[in-house]
>>> print(open('my_file_16.pdb').read())   # PDB, C-alpha atoms
ATOM      1  CA  MET D   6     -73.839 -61.916 -10.803
ATOM      2  CA  PRO D   7     -73.776 -63.341 -14.363
ATOM      3  CA  PHE D   8     -76.951 -63.242 -16.427
ATOM      4  CA  ASP D   9     -78.996 -66.498 -16.452
ATOM      5  CA  LEU D  10     -81.140 -66.811 -19.606
ATOM      6  CA  LEU D  11     -83.099 -69.845 -18.341
ATOM      7  CA  LYS D  12     -83.952 -68.055 -15.110
ATOM      8  CA  PHE D  13     -84.999 -64.988 -17.069
ATOM      9  CA  GLN D  14     -87.311 -67.147 -19.256
ATOM     10  CA  THR D  15     -89.007 -68.519 -16.169
ATOM     11  CA  SER D  16     -89.360 -65.201 -14.332
ATOM     12  CA  PRO D  17     -88.459 -62.115 -16.392
ATOM     13  CA  SER D  18     -87.552 -59.044 -14.360
ATOM     14  CA  LEU D  19     -86.078 -55.611 -14.950
ATOM     15  CA  GLU D  20     -83.385 -56.293 -12.366
ATOM     16  CA  MET D  21     -82.145 -59.366 -14.264
ATOM     17  CA  LEU D  22     -82.288 -57.501 -17.571
ATOM     18  CA  ASN D  23     -79.905 -54.870 -16.189
ATOM     19  CA  THR D  24     -77.226 -57.557 -15.688
ATOM     20  CA  ALA D  25     -77.416 -58.787 -19.285
ATOM     21  CA  LYS D  26     -74.654 -58.124 -21.794
ATOM     22  CA  LYS D  27     -75.375 -57.293 -25.434
ATOM     23  CA  ASP D  28     -75.098 -60.965 -26.470
ATOM     24  CA  ASP D  29     -77.567 -61.860 -23.731
ATOM     25  CA  LEU D  30     -79.972 -59.190 -24.988
ATOM     26  CA  ILE D  31     -79.775 -60.620 -28.519
ATOM     27  CA  GLU D  32     -80.655 -64.098 -27.164
ATOM     28  CA  ILE D  33     -83.694 -62.605 -25.379
ATOM     29  CA  VAL D  34     -84.758 -60.913 -28.622
ATOM     30  CA  ASN D  35     -84.526 -64.218 -30.523
ATOM     31  CA  LEU D  36     -86.375 -66.147 -27.814
ATOM     32  CA  PHE D  37     -89.378 -63.800 -27.678
ATOM     33  CA  GLU D  38     -89.083 -62.867 -31.398
ATOM     34  CA  ILE D  39     -89.253 -59.158 -30.649
ATOM     35  CA  PRO D  40     -89.664 -57.185 -33.910
ATOM     36  CA  LEU D  41     -87.598 -54.227 -35.150
ATOM     37  CA  VAL D  42     -84.481 -55.231 -33.219
ATOM     38  CA  LYS D  43     -81.226 -56.003 -35.022
ATOM     39  CA  SER D  44     -77.845 -57.125 -33.744
ATOM     40  CA  SER D  45     -76.245 -54.082 -35.380
ATOM     41  CA  MET D  46     -78.032 -51.753 -32.931
ATOM     42  CA  LYS D  47     -76.309 -50.380 -29.832
ATOM     43  CA  LYS D  48     -76.769 -52.162 -26.543
ATOM     44  CA  CYS D  49     -78.728 -49.281 -25.036
ATOM     45  CA  GLU D  50     -81.095 -49.218 -28.043
ATOM     46  CA  ILE D  51     -81.730 -52.971 -27.815
ATOM     47  CA  LYS D  52     -82.310 -52.683 -24.095
ATOM     48  CA  ASP D  53     -84.813 -49.855 -24.606
ATOM     49  CA  ARG D  54     -86.774 -51.982 -27.083
ATOM     50  CA  LEU D  55     -86.774 -54.956 -24.687
ATOM     51  CA  ILE D  56     -87.973 -52.900 -21.739
ATOM     52  CA  GLN D  57     -90.732 -51.326 -23.828
ATOM     53  CA  PHE D  58     -91.805 -54.787 -25.085
ATOM     54  CA  PHE D  59     -92.073 -56.247 -21.580
ATOM     55  CA  LEU D  60     -93.886 -53.132 -20.346
ATOM     56  CA  ASP D  61     -96.413 -53.459 -23.180
ATOM     57  CA  LYS D  62     -96.922 -57.111 -22.191
ATOM     58  CA  ASN D  63     -97.338 -56.040 -18.548
ATOM     59  CA  ILE D  64     -94.547 -58.459 -17.616
ATOM     60  CA  PHE D  65     -92.376 -55.917 -15.782
ATOM     61  CA  GLU D  66     -93.905 -54.320 -12.737
ATOM     62  CA  ILE D  67     -92.588 -50.815 -12.131
ATOM     63  CA  ASN D  68     -92.441 -49.301  -8.648
ATOM     64  CA  THR D  69     -91.144 -45.984  -7.390
ATOM     65  CA  THR D  70     -88.278 -47.508  -5.369
ATOM     66  CA  GLU D  71     -86.786 -49.456  -8.304
ATOM     67  CA  SER D  72     -83.861 -47.779 -10.086
ATOM     68  CA  VAL D  73     -82.550 -48.620 -13.518
ATOM     69  CA  ASP D  74     -78.887 -48.313 -14.458
ATOM     70  CA  HIS D  75     -79.606 -46.689 -17.808
ATOM     71  CA  GLU D  76     -79.824 -43.275 -19.454
ATOM     72  CA  SER D  77     -83.625 -43.279 -19.175
ATOM     73  CA  THR D  78     -85.516 -44.000 -15.918
ATOM     74  CA  PHE D  79     -88.947 -45.500 -15.639
ATOM     75  CA  SER D  80     -89.621 -44.245 -12.097
ATOM     76  CA  GLU D  81     -91.040 -41.032 -13.540
ATOM     77  CA  LEU D  82     -93.587 -42.378 -16.005
ATOM     78  CA  ASP D  83     -95.901 -39.798 -17.523
ATOM     79  CA  CYS D  84     -99.661 -40.051 -17.132
ATOM     80  CA  SER D  85    -100.242 -41.705 -20.492
ATOM     81  CA  ASN D  86     -97.880 -44.573 -19.636
ATOM     82  CA  LYS D  87     -99.504 -45.044 -16.238
ATOM     83  CA  ASP D  88    -102.931 -45.140 -17.851
ATOM     84  CA  ARG D  89    -101.717 -47.687 -20.366
ATOM     85  CA  LEU D  90    -100.275 -49.915 -17.631
ATOM     86  CA  GLU D  91    -103.493 -49.702 -15.662
ATOM     87  CA  LEU D  92    -105.472 -50.681 -18.766
ATOM     88  CA  CYS D  93    -103.208 -53.711 -19.259
ATOM     89  CA  ARG D  94    -103.807 -54.778 -15.641
ATOM     90  CA  LEU D  95    -107.560 -54.495 -16.115
ATOM     91  CA  GLN D  96    -107.366 -56.573 -19.299
ATOM     92  CA  VAL D  97    -105.419 -59.293 -17.474
ATOM     93  CA  GLU D  98    -108.038 -59.357 -14.722
ATOM     94  CA  LEU D  99    -110.793 -59.725 -17.321
ATOM     95  CA  GLU D 100    -108.971 -62.600 -19.039
ATOM     96  CA  ARG D 101    -108.441 -64.247 -15.639
ATOM     97  CA  GLU D 102    -112.195 -64.264 -15.008
ATOM     98  CA  LYS D 103    -112.827 -65.754 -18.456
ATOM     99  CA  ILE D 104    -110.241 -68.464 -17.805
ATOM    100  CA  HIS D 105    -111.732 -69.379 -14.424
ATOM    101  CA  LEU D 106    -115.161 -69.712 -16.026
ATOM    102  CA  ARG D 107    -113.751 -71.899 -18.783
ATOM    103  CA  LEU D 108    -111.968 -74.117 -16.254
ATOM    104  CA  LYS D 109    -115.235 -74.701 -14.400
ATOM    105  CA  GLU D 110    -116.897 -75.755 -17.661
ATOM    106  CA  LEU D 111    -114.072 -78.205 -18.388
ATOM    107  CA  GLU D 112    -114.184 -79.645 -14.893
ATOM    108  CA  PHE D 113    -117.935 -80.139 -15.177
ATOM    109  CA  ALA D 114    -117.599 -81.877 -18.564
ATOM    110  CA  GLN D 115    -114.858 -84.202 -17.300
ATOM    111  CA  GLY D 116    -116.618 -84.968 -13.999
ATOM    112  CA  LYS D 117    -113.919 -83.443 -11.837
ATOM    113  CA  ASN D 118    -114.401 -82.125  -8.342
ATOM    114  CA  THR D 119    -113.667 -78.405  -8.342
ATOM    115  CA  ASN D 120    -113.111 -78.396  -4.579
ATOM    116  CA  THR D 121    -110.221 -80.872  -4.710
ATOM    117  CA  CYS D 122    -106.934 -79.307  -3.673
ATOM    118  CA  ASN D 123    -104.012 -79.721  -6.015
ATOM    119  CA  ASN D 124    -100.473 -79.064  -4.829
ATOM    120  CA  ASN D 125     -99.292 -78.808  -8.451
ATOM    121  CA  PHE D 126    -101.753 -76.054  -9.374
ATOM    122  CA  PHE D 127    -100.770 -74.189 -12.535
ATOM    123  CA  ASP D 128    -101.244 -70.424 -12.211
ATOM    124  CA  ILE D 129    -102.710 -69.474 -15.594
ATOM    125  CA  ALA D 130    -103.224 -65.825 -14.675
ATOM    126  CA  ARG D 131     -99.526 -65.447 -13.860
ATOM    127  CA  ASN D 132     -98.292 -67.114 -17.040
ATOM    128  CA  ILE D 133    -100.807 -65.571 -19.426
ATOM    129  CA  LYS D 134     -98.636 -62.451 -19.510
ATOM    130  CA  LEU D 135     -95.912 -64.417 -21.332
ATOM    131  CA  VAL D 136     -98.136 -65.651 -24.162
ATOM    132  CA  PRO D 137     -96.972 -63.940 -27.413
ATOM    133  CA  SER D 138     -99.478 -61.842 -29.344
ATOM    134  CA  PHE D 139    -101.319 -63.725 -32.077
ATOM    135  CA  GLN D 140    -100.163 -62.990 -35.665
ATOM    136  CA  GLU D 141    -102.731 -63.700 -38.363
ATOM    137  CA  GLN D 142    -100.179 -63.050 -41.122
ATOM    138  CA  HIS D 143     -97.842 -65.765 -39.805
ATOM    139  CA  VAL D 144    -100.124 -68.323 -38.151
ATOM    140  CA  ASP D 145     -97.846 -71.320 -38.763
ATOM    141  CA  LYS D 146     -94.832 -69.466 -37.422
ATOM    142  CA  TYR D 147     -96.851 -68.304 -34.424
ATOM    143  CA  PHE D 148     -97.706 -71.845 -33.300
ATOM    144  CA  LEU D 149     -94.035 -72.889 -33.502
ATOM    145  CA  HIS D 150     -93.055 -69.829 -31.473
ATOM    146  CA  PHE D 151     -95.759 -70.519 -28.863
ATOM    147  CA  GLU D 152     -94.739 -74.188 -28.542
ATOM    148  CA  LYS D 153     -91.100 -73.198 -28.056
ATOM    149  CA  ILE D 154     -91.999 -70.815 -25.226
ATOM    150  CA  ALA D 155     -94.482 -73.258 -23.651
ATOM    151  CA  CYS D 156     -91.920 -76.084 -23.608
ATOM    152  CA  SER D 157     -89.071 -73.921 -22.320
ATOM    153  CA  LEU D 158     -91.247 -72.632 -19.461
ATOM    154  CA  GLY D 159     -92.686 -76.065 -18.681
ATOM    155  CA  TRP D 160     -96.354 -75.219 -19.247
ATOM    156  CA  PRO D 161     -98.589 -78.337 -19.009
ATOM    157  CA  GLN D 162    -100.121 -78.981 -22.440
ATOM    158  CA  GLN D 163    -103.639 -79.323 -21.025
ATOM    159  CA  TYR D 164    -103.533 -75.574 -20.309
ATOM    160  CA  TRP D 165    -102.146 -74.463 -23.685
ATOM    161  CA  THR D 166    -105.569 -73.789 -25.221
ATOM    162  CA  MET D 167    -106.608 -71.789 -22.170
ATOM    163  CA  LEU D 168    -103.557 -69.580 -22.619
ATOM    164  CA  LEU D 169    -104.010 -69.260 -26.375
ATOM    165  CA  GLN D 170    -107.677 -68.312 -26.347
ATOM    166  CA  SER D 171    -106.832 -65.069 -24.562
ATOM    167  CA  VAL D 172    -104.758 -63.837 -27.532
ATOM    168  CA  PHE D 173    -106.748 -65.213 -30.485
ATOM    169  CA  THR D 174    -108.077 -62.559 -32.860
ATOM    170  CA  GLY D 175    -110.010 -62.446 -36.134
ATOM    171  CA  LYS D 176    -110.674 -65.750 -37.854
ATOM    172  CA  ALA D 177    -108.835 -67.737 -35.161
ATOM    173  CA  ARG D 178    -111.163 -66.441 -32.429
ATOM    174  CA  ASP D 179    -114.216 -67.247 -34.575
ATOM    175  CA  VAL D 180    -112.995 -70.816 -35.111
ATOM    176  CA  TYR D 181    -112.219 -71.329 -31.418
ATOM    177  CA  THR D 182    -115.634 -70.129 -30.232
ATOM    178  CA  GLN D 183    -117.346 -72.599 -32.596
ATOM    179  CA  LEU D 184    -115.550 -75.623 -31.114
ATOM    180  CA  SER D 185    -117.130 -77.824 -28.482
ATOM    181  CA  ILE D 186    -115.736 -77.909 -24.945
ATOM    182  CA  GLU D 187    -113.969 -81.208 -25.626
ATOM    183  CA  GLN D 188    -112.446 -79.920 -28.876
ATOM    184  CA  SER D 189    -111.379 -76.580 -27.415
ATOM    185  CA  SER D 190    -109.515 -78.345 -24.588
ATOM    186  CA  SER D 191    -107.276 -80.262 -27.038
ATOM    187  CA  TYR D 192    -104.310 -78.276 -28.337
ATOM    188  CA  PRO D 193    -103.713 -80.477 -31.452
ATOM    189  CA  VAL D 194    -107.400 -80.139 -32.406
ATOM    190  CA  VAL D 195    -107.434 -76.364 -31.917
ATOM    191  CA  LYS D 196    -104.214 -76.001 -33.898
ATOM    192  CA  GLU D 197    -105.521 -78.187 -36.738
ATOM    193  CA  PHE D 198    -108.817 -76.297 -37.088
ATOM    194  CA  ILE D 199    -107.138 -72.888 -37.058
ATOM    195  CA  LEU D 200    -104.495 -73.888 -39.607
ATOM    196  CA  LYS D 201    -107.252 -75.221 -41.855
ATOM    197  CA  ALA D 202    -109.142 -71.946 -41.479
ATOM    198  CA  TYR D 203    -106.106 -70.084 -42.786
ATOM    199  CA  GLU D 204    -105.623 -72.699 -45.540
ATOM    200  CA  LEU D 205    -102.108 -73.603 -44.408
ATOM    201  CA  VAL D 206    -102.042 -77.037 -46.071
ATOM    202  CA  PRO D 207     -98.864 -79.024 -46.964
ATOM    203  CA  GLU D 208     -98.803 -77.689 -50.538
ATOM    204  CA  ALA D 209     -98.836 -74.111 -49.248
ATOM    205  CA  TYR D 210     -95.872 -74.887 -46.982
ATOM    206  CA  ARG D 211     -93.999 -76.503 -49.877
ATOM    207  CA  GLN D 212     -94.513 -73.453 -52.074
ATOM    208  CA  LYS D 213     -93.377 -71.140 -49.281
ATOM    209  CA  PHE D 214     -90.225 -73.216 -48.778
ATOM    210  CA  ARG D 215     -89.389 -73.375 -52.491
ATOM    211  CA  GLY D 216     -90.253 -69.741 -53.186
ATOM    212  CA  PHE D 217     -88.530 -68.106 -50.222
ATOM    213  CA  THR D 218     -85.479 -66.039 -51.258
ATOM    214  CA  LYS D 219     -83.003 -63.886 -49.369
ATOM    215  CA  SER D 220     -83.756 -60.170 -49.128
ATOM    216  CA  SER D 221     -81.078 -57.499 -49.160
ATOM    217  CA  GLU D 222     -81.947 -56.429 -45.593
ATOM    218  CA  GLU D 223     -81.356 -59.804 -43.919
ATOM    219  CA  SER D 224     -78.097 -61.608 -43.244
ATOM    220  CA  PHE D 225     -77.238 -65.053 -44.577
ATOM    221  CA  ILE D 226     -77.627 -66.434 -41.040
ATOM    222  CA  GLU D 227     -81.154 -65.030 -40.780
ATOM    223  CA  PHE D 228     -82.008 -66.329 -44.253
ATOM    224  CA  ALA D 229     -80.710 -69.822 -43.437
ATOM    225  CA  ARG D 230     -82.682 -69.914 -40.183
ATOM    226  CA  GLU D 231     -85.926 -68.877 -41.916
ATOM    227  CA  LYS D 232     -85.357 -71.386 -44.722
ATOM    228  CA  GLU D 233     -84.887 -74.184 -42.184
ATOM    229  CA  GLN D 234     -88.064 -73.175 -40.337
ATOM    230  CA  LEU D 235     -90.057 -73.256 -43.577
ATOM    231  CA  PHE D 236     -88.740 -76.746 -44.312
ATOM    232  CA  ASP D 237     -89.656 -77.920 -40.796
ATOM    233  CA  ARG D 238     -93.210 -76.594 -41.212
ATOM    234  CA  TRP D 239     -93.556 -78.400 -44.520
ATOM    235  CA  CYS D 240     -92.366 -81.669 -42.972
ATOM    236  CA  VAL D 241     -94.577 -81.342 -39.883
ATOM    237  CA  SER D 242     -97.666 -80.549 -41.979
ATOM    238  CA  THR D 243     -97.164 -83.772 -43.953
ATOM    239  CA  GLY D 244     -96.449 -85.889 -40.864
ATOM    240  CA  VAL D 245     -92.823 -86.509 -41.847
ATOM    241  CA  GLU D 246     -91.077 -84.966 -38.848
ATOM    242  CA  ARG D 247     -87.986 -87.113 -38.046
ATOM    243  CA  ASN D 248     -88.926 -90.243 -40.011
ATOM    244  CA  PHE D 249     -86.339 -90.844 -42.762
ATOM    245  CA  ASP D 250     -88.579 -93.094 -44.879
ATOM    246  CA  LYS D 251     -91.377 -90.527 -44.861
ATOM    247  CA  LEU D 252     -88.913 -87.769 -45.719
ATOM    248  CA  LYS D 253     -87.614 -89.890 -48.593
ATOM    249  CA  GLN D 254     -91.137 -90.367 -49.951
ATOM    250  CA  LEU D 255     -91.857 -86.654 -49.563
ATOM    251  CA  VAL D 256     -88.882 -85.683 -51.737
ATOM    252  CA  LEU D 257     -89.543 -88.430 -54.290
ATOM    253  CA  MET D 258     -93.212 -87.471 -54.572
ATOM    254  CA  GLU D 259     -92.350 -83.830 -55.204
ATOM    255  CA  GLU D 260     -89.866 -84.822 -57.892
ATOM    256  CA  PHE D 261     -92.308 -87.305 -59.471
ATOM    257  CA  LYS D 262     -95.131 -84.756 -59.663
ATOM    258  CA  SER D 263     -92.790 -82.218 -61.246
ATOM    259  CA  CYS D 264     -92.062 -84.686 -64.067
ATOM    260  CA  VAL D 265     -95.641 -85.545 -65.059
ATOM    261  CA  SER D 266     -98.373 -83.560 -66.759
ATOM    262  CA  LYS D 267    -100.529 -81.044 -64.958
ATOM    263  CA  GLN D 268    -103.589 -83.315 -65.215
ATOM    264  CA  ILE D 269    -101.841 -86.227 -63.501
ATOM    265  CA  ARG D 270    -100.296 -83.974 -60.857
ATOM    266  CA  LEU D 271    -103.686 -82.520 -59.939
ATOM    267  CA  PHE D 272    -105.180 -86.034 -59.896
ATOM    268  CA  LEU D 273    -102.500 -87.257 -57.459
ATOM    269  CA  GLU D 274    -102.952 -84.222 -55.223
ATOM    270  CA  GLU D 275    -106.697 -84.819 -55.084
ATOM    271  CA  LYS D 276    -106.015 -88.419 -54.027
ATOM    272  CA  GLN D 277    -103.534 -87.170 -51.395
ATOM    273  CA  VAL D 278    -100.953 -89.778 -52.390
ATOM    274  CA  VAL D 279     -97.905 -89.868 -50.100
ATOM    275  CA  ASP D 280     -95.732 -92.660 -51.529
ATOM    276  CA  LEU D 281     -94.070 -93.074 -54.904
ATOM    277  CA  GLU D 282     -95.252 -96.616 -55.684
ATOM    278  CA  THR D 283     -98.927 -95.747 -55.212
ATOM    279  CA  ALA D 284     -98.474 -92.551 -57.229
ATOM    280  CA  ALA D 285     -96.965 -94.478 -60.138
ATOM    281  CA  LYS D 286     -99.831 -97.005 -60.166
ATOM    282  CA  LEU D 287    -102.502 -94.306 -60.043
ATOM    283  CA  ALA D 288    -100.750 -92.378 -62.804
ATOM    284  CA  GLU D 289    -100.771 -95.468 -65.018
ATOM    285  CA  GLU D 290    -104.466 -96.043 -64.326
ATOM    286  CA  TYR D 291    -105.247 -92.408 -65.051
ATOM    287  CA  VAL D 292    -103.514 -92.558 -68.441
ATOM    288  CA  LEU D 293    -105.238 -95.832 -69.379
ATOM    289  CA  THR D 294    -108.685 -94.460 -68.566
ATOM    290  CA  HIS D 295    -108.128 -91.214 -70.476
ATOM    291  CA  THR D 296    -106.241 -92.325 -73.593
ATOM    292  CA  GLN D 297    -109.447 -93.109 -75.459
ATOM    293  CA  ASN D 298    -110.418 -89.443 -75.613
ATOM    294  CA  ASP D 299    -107.065 -87.720 -75.132
ATOM    295  CA  ASP D 300    -103.629 -87.889 -76.665
ATOM    296  CA  ALA D 301    -101.446 -90.108 -74.472
ATOM    297  CA  LYS D 302     -98.375 -87.986 -75.032
ATOM    298  CA  ASP D 303    -100.050 -85.114 -73.193
ATOM    299  CA  PHE D 304     -99.896 -87.151 -70.009
ATOM    300  CA  ALA D 305     -96.260 -88.110 -70.441
ATOM    301  CA  SER D 306     -94.894 -84.634 -71.066
ATOM    302  CA  PRO D 307     -93.422 -83.079 -67.917
ATOM    303  CA  ASN D 308     -94.812 -79.875 -66.533
ATOM    304  CA  ILE D 309     -92.236 -78.731 -64.031
ATOM    305  CA  ASN D 310     -93.545 -76.322 -61.426
TER     306      ASN D 310
END
>>> encode(input="my_file_16.pdb", output="C-alpha cells")
Amino acid sequence: MPFDLLKFQTSPSLEMLNTAKKDDLIEIVNLFEIPLVKSSMKKCEIKDRLIQFFLDKNIFEINTTESVDHESTFSELDCSNKDRLELCRLQVELEREKIHLRLKELEFAQGKNTNTCNNNFFDIARNIKLVPSFQEQHVDKYFLHFEKIACSLGWPQQYWTMLLQSVFTGKARDVYTQLSIEQSSSYPVVKEFILKAYELVPEAYRQKFRGFTKSSEESFIEFAREKEQLFDRWCVSTGVERNFDKLKQLVLMEEFKSCVSKQIRLFLEEKQVVDLETAAKLAEEYVLTHTQNDDAKDFASPNIN
C-alpha cells in the first residue's frame, strides 16, 4: 500500500512509517522540522531519527507484538527506554488534568454549560502529543511551524492556546501565566504578547531578512527557503501579508529611511510611519523645526544602513 503523507499527519504510526520511501521520509522531516536530519543521509539513518523523534514525543506506542522491518527492533527496549516512555505518559496525564481544569475556567467565564454534550468534541489530550517543543531561540519560526501543523491537522483555533500552554517554557510561560482568562484564550493575543516579550518587532525581522547569508553547510534550496520565511515574517509583523499596496509602501519606506540622516530615520521609527507620503511630510517638519540650532545639511545627508 503506497504511503499517504496526509493520513500520516493526521494519525502517525510506526506501521505507516515502515511503508514510506526515502522521499516520503524527507517530507516527514520537513513537516515536523526534525533537527539533525539531512537528505544526504541513508534511508535507514533517516528512519532511525524519525522513530526516535516520535518515541520521544510519545506519539508511537510500542507493544510486544509489533514487528519492525528494519535492522533494529524496538520490541526489546532496555529498562532506561521503558522508564523514559513511562515518564512521558505520566507527563501527558498531568498536562491533561491541567487542560481539563483550564477548560472549566473558560466555560465558567463564558457562561457555558459544562454538562452539555457535544458531538464535535475535540480531544486535546490526544492531539497534545503532536504539539512541537517550544524553541525560545526561534520564537517567530516556532509560531509559523505550529500554525502550519495546526492547520494541516484541522485543529480548531479556540483550542490552540490550550495546546500551546503545555509546551511553553521560560519567558513565554511567565507571560502566559500573567494573562487573564479572556486573554489567554485568544491565540492572536497570546502570540502578540509573547513576541513582544522576546522583542521580535518589525525592525528586528527586517534586519534578520537583510542580514541572513548562506552558510557553507546548507544547500541553495535550504537557503532560499529560509530567506523566504524571513521575508514572510517581516511582512506579517508589519501587517502587509498579501496586500500589494502595503508591500509597496513597506519597500518604499525602507528605501526612504536609508536615504535620510540617522536623526530623521529614528524620528520616523518613533512615529511608526508606514507610508511614504506621511514620512516625507514629517521629515520636512522635522528639518524645519531643527534648522535653527542645527546645520540643515546634516539632515539631508544619507546614512545608509
>>> resolve_selection(input="my_file_16.pdb", expression="the PyMOL selection byres ((chain D and resi 100) around 12)", output="compact mmCIF listing (two decimals) with C-alpha atoms, keeping the file's coordinate frame")
# COMPACT_ATOMS: atom_id res chain seq x y z
CA CYS D 93 -103.21 -53.71 -19.26
CA ARG D 94 -103.81 -54.78 -15.64
CA LEU D 95 -107.56 -54.50 -16.11
CA GLN D 96 -107.37 -56.57 -19.30
CA VAL D 97 -105.42 -59.29 -17.47
CA GLU D 98 -108.04 -59.36 -14.72
CA LEU D 99 -110.79 -59.72 -17.32
CA ARG D 101 -108.44 -64.25 -15.64
CA GLU D 102 -112.20 -64.26 -15.01
CA LYS D 103 -112.83 -65.75 -18.46
CA ILE D 104 -110.24 -68.46 -17.80
CA HIS D 105 -111.73 -69.38 -14.42
CA LEU D 106 -115.16 -69.71 -16.03
CA ARG D 107 -113.75 -71.90 -18.78
CA ILE D 129 -102.71 -69.47 -15.59
CA ALA D 130 -103.22 -65.82 -14.68
CA ARG D 131 -99.53 -65.45 -13.86
CA ASN D 132 -98.29 -67.11 -17.04
CA ILE D 133 -100.81 -65.57 -19.43
CA LYS D 134 -98.64 -62.45 -19.51
CA MET D 167 -106.61 -71.79 -22.17
CA LEU D 168 -103.56 -69.58 -22.62
CA LEU D 169 -104.01 -69.26 -26.38
CA GLN D 170 -107.68 -68.31 -26.35
CA SER D 171 -106.83 -65.07 -24.56
CA VAL D 172 -104.76 -63.84 -27.53
CA PHE D 173 -106.75 -65.21 -30.48
>>> closest_residue(input="my_file_16.pdb", among="D:Ile186, D:Val195, D:Ile56, D:Ile39", to="His150 of chain D", atoms="all atoms listed in the file")
D:Ile39
>>> closest_residue(input="my_file_16.pdb", among="D:Thr218, D:Thr296, D:Thr15, D:Asn35", to="Ala155 of chain D", atoms="only C-alpha atoms")
D:Thr15
>>> residues_near_point(input="my_file_16.pdb", point="(-75.6, -52.0, -26.6)", cutoff="10 Å", atoms="all atoms listed in the file", output="PyMOL selection string")
chain D and resi 26-28+30-31+44-53
>>> atom_distance(input="my_file_16.pdb", atom1="atom CA of Leu257 of chain D", atom2="atom CA of Gln234 of chain D")
20.7 Å
>>> residues_around(input="my_file_16.pdb", residues="Thr243 of chain D", least_positions_apart="6", cutoff="12 Å", atoms="only C-alpha atoms", output="ChimeraX atom specification")
/D:205-211,236-237,251-252,254-256,258,277-280
>>> decode(input="my_file_16.pdb", residues="segment 283-288 of chain D", atoms="all heavy atoms", output="PDB file, in the first residue's frame")
ATOM      1  N   THR D 283       3.371  60.362   4.234  1.00  0.00           N
ATOM      2  CA  THR D 283       3.410  60.852   5.617  1.00  0.00           C
ATOM      3  C   THR D 283       4.849  60.993   6.091  1.00  0.00           C
ATOM      4  O   THR D 283       5.199  61.962   6.784  1.00  0.00           O
ATOM      5  CB  THR D 283       2.648  59.897   6.543  1.00  0.00           C
ATOM      6  OG1 THR D 283       1.304  59.751   6.090  1.00  0.00           O
ATOM      7  CG2 THR D 283       2.645  60.417   7.975  1.00  0.00           C
ATOM      8  N   ALA D 284       5.709  60.048   5.711  1.00  0.00           N
ATOM      9  CA  ALA D 284       7.110  60.107   6.112  1.00  0.00           C
ATOM     10  C   ALA D 284       7.786  61.352   5.553  1.00  0.00           C
ATOM     11  O   ALA D 284       8.562  62.021   6.248  1.00  0.00           O
ATOM     12  CB  ALA D 284       7.839  58.846   5.644  1.00  0.00           C
ATOM     13  N   ALA D 285       7.483  61.672   4.293  1.00  0.00           N
ATOM     14  CA  ALA D 285       8.095  62.850   3.670  1.00  0.00           C
ATOM     15  C   ALA D 285       7.654  64.139   4.367  1.00  0.00           C
ATOM     16  O   ALA D 285       8.466  65.031   4.619  1.00  0.00           O
ATOM     17  CB  ALA D 285       7.718  62.895   2.194  1.00  0.00           C
ATOM     18  N   LYS D 286       6.365  64.230   4.721  1.00  0.00           N
ATOM     19  CA  LYS D 286       5.862  65.422   5.402  1.00  0.00           C
ATOM     20  C   LYS D 286       6.481  65.574   6.784  1.00  0.00           C
ATOM     21  O   LYS D 286       6.907  66.671   7.186  1.00  0.00           O
ATOM     22  CB  LYS D 286       4.343  65.354   5.522  1.00  0.00           C
ATOM     23  CG  LYS D 286       3.604  65.484   4.190  1.00  0.00           C
ATOM     24  CD  LYS D 286       2.099  65.389   4.388  1.00  0.00           C
ATOM     25  CE  LYS D 286       1.366  65.513   3.057  1.00  0.00           C
ATOM     26  NZ  LYS D 286      -0.117  65.387   3.236  1.00  0.00           N
ATOM     27  N   LEU D 287       6.574  64.484   7.524  1.00  0.00           N
ATOM     28  CA  LEU D 287       7.159  64.540   8.863  1.00  0.00           C
ATOM     29  C   LEU D 287       8.649  64.880   8.801  1.00  0.00           C
ATOM     30  O   LEU D 287       9.172  65.579   9.674  1.00  0.00           O
ATOM     31  CB  LEU D 287       6.941  63.207   9.583  1.00  0.00           C
ATOM     32  CG  LEU D 287       5.509  62.899  10.023  1.00  0.00           C
ATOM     33  CD1 LEU D 287       5.420  61.511  10.654  1.00  0.00           C
ATOM     34  CD2 LEU D 287       5.013  63.952  11.006  1.00  0.00           C
ATOM     35  N   ALA D 288       9.322  64.370   7.764  1.00  0.00           N
ATOM     36  CA  ALA D 288      10.739  64.676   7.608  1.00  0.00           C
ATOM     37  C   ALA D 288      10.946  66.166   7.350  1.00  0.00           C
ATOM     38  O   ALA D 288      11.868  66.789   7.896  1.00  0.00           O
ATOM     39  CB  ALA D 288      11.331  63.847   6.472  1.00  0.00           C
TER      40      ALA D 288
END
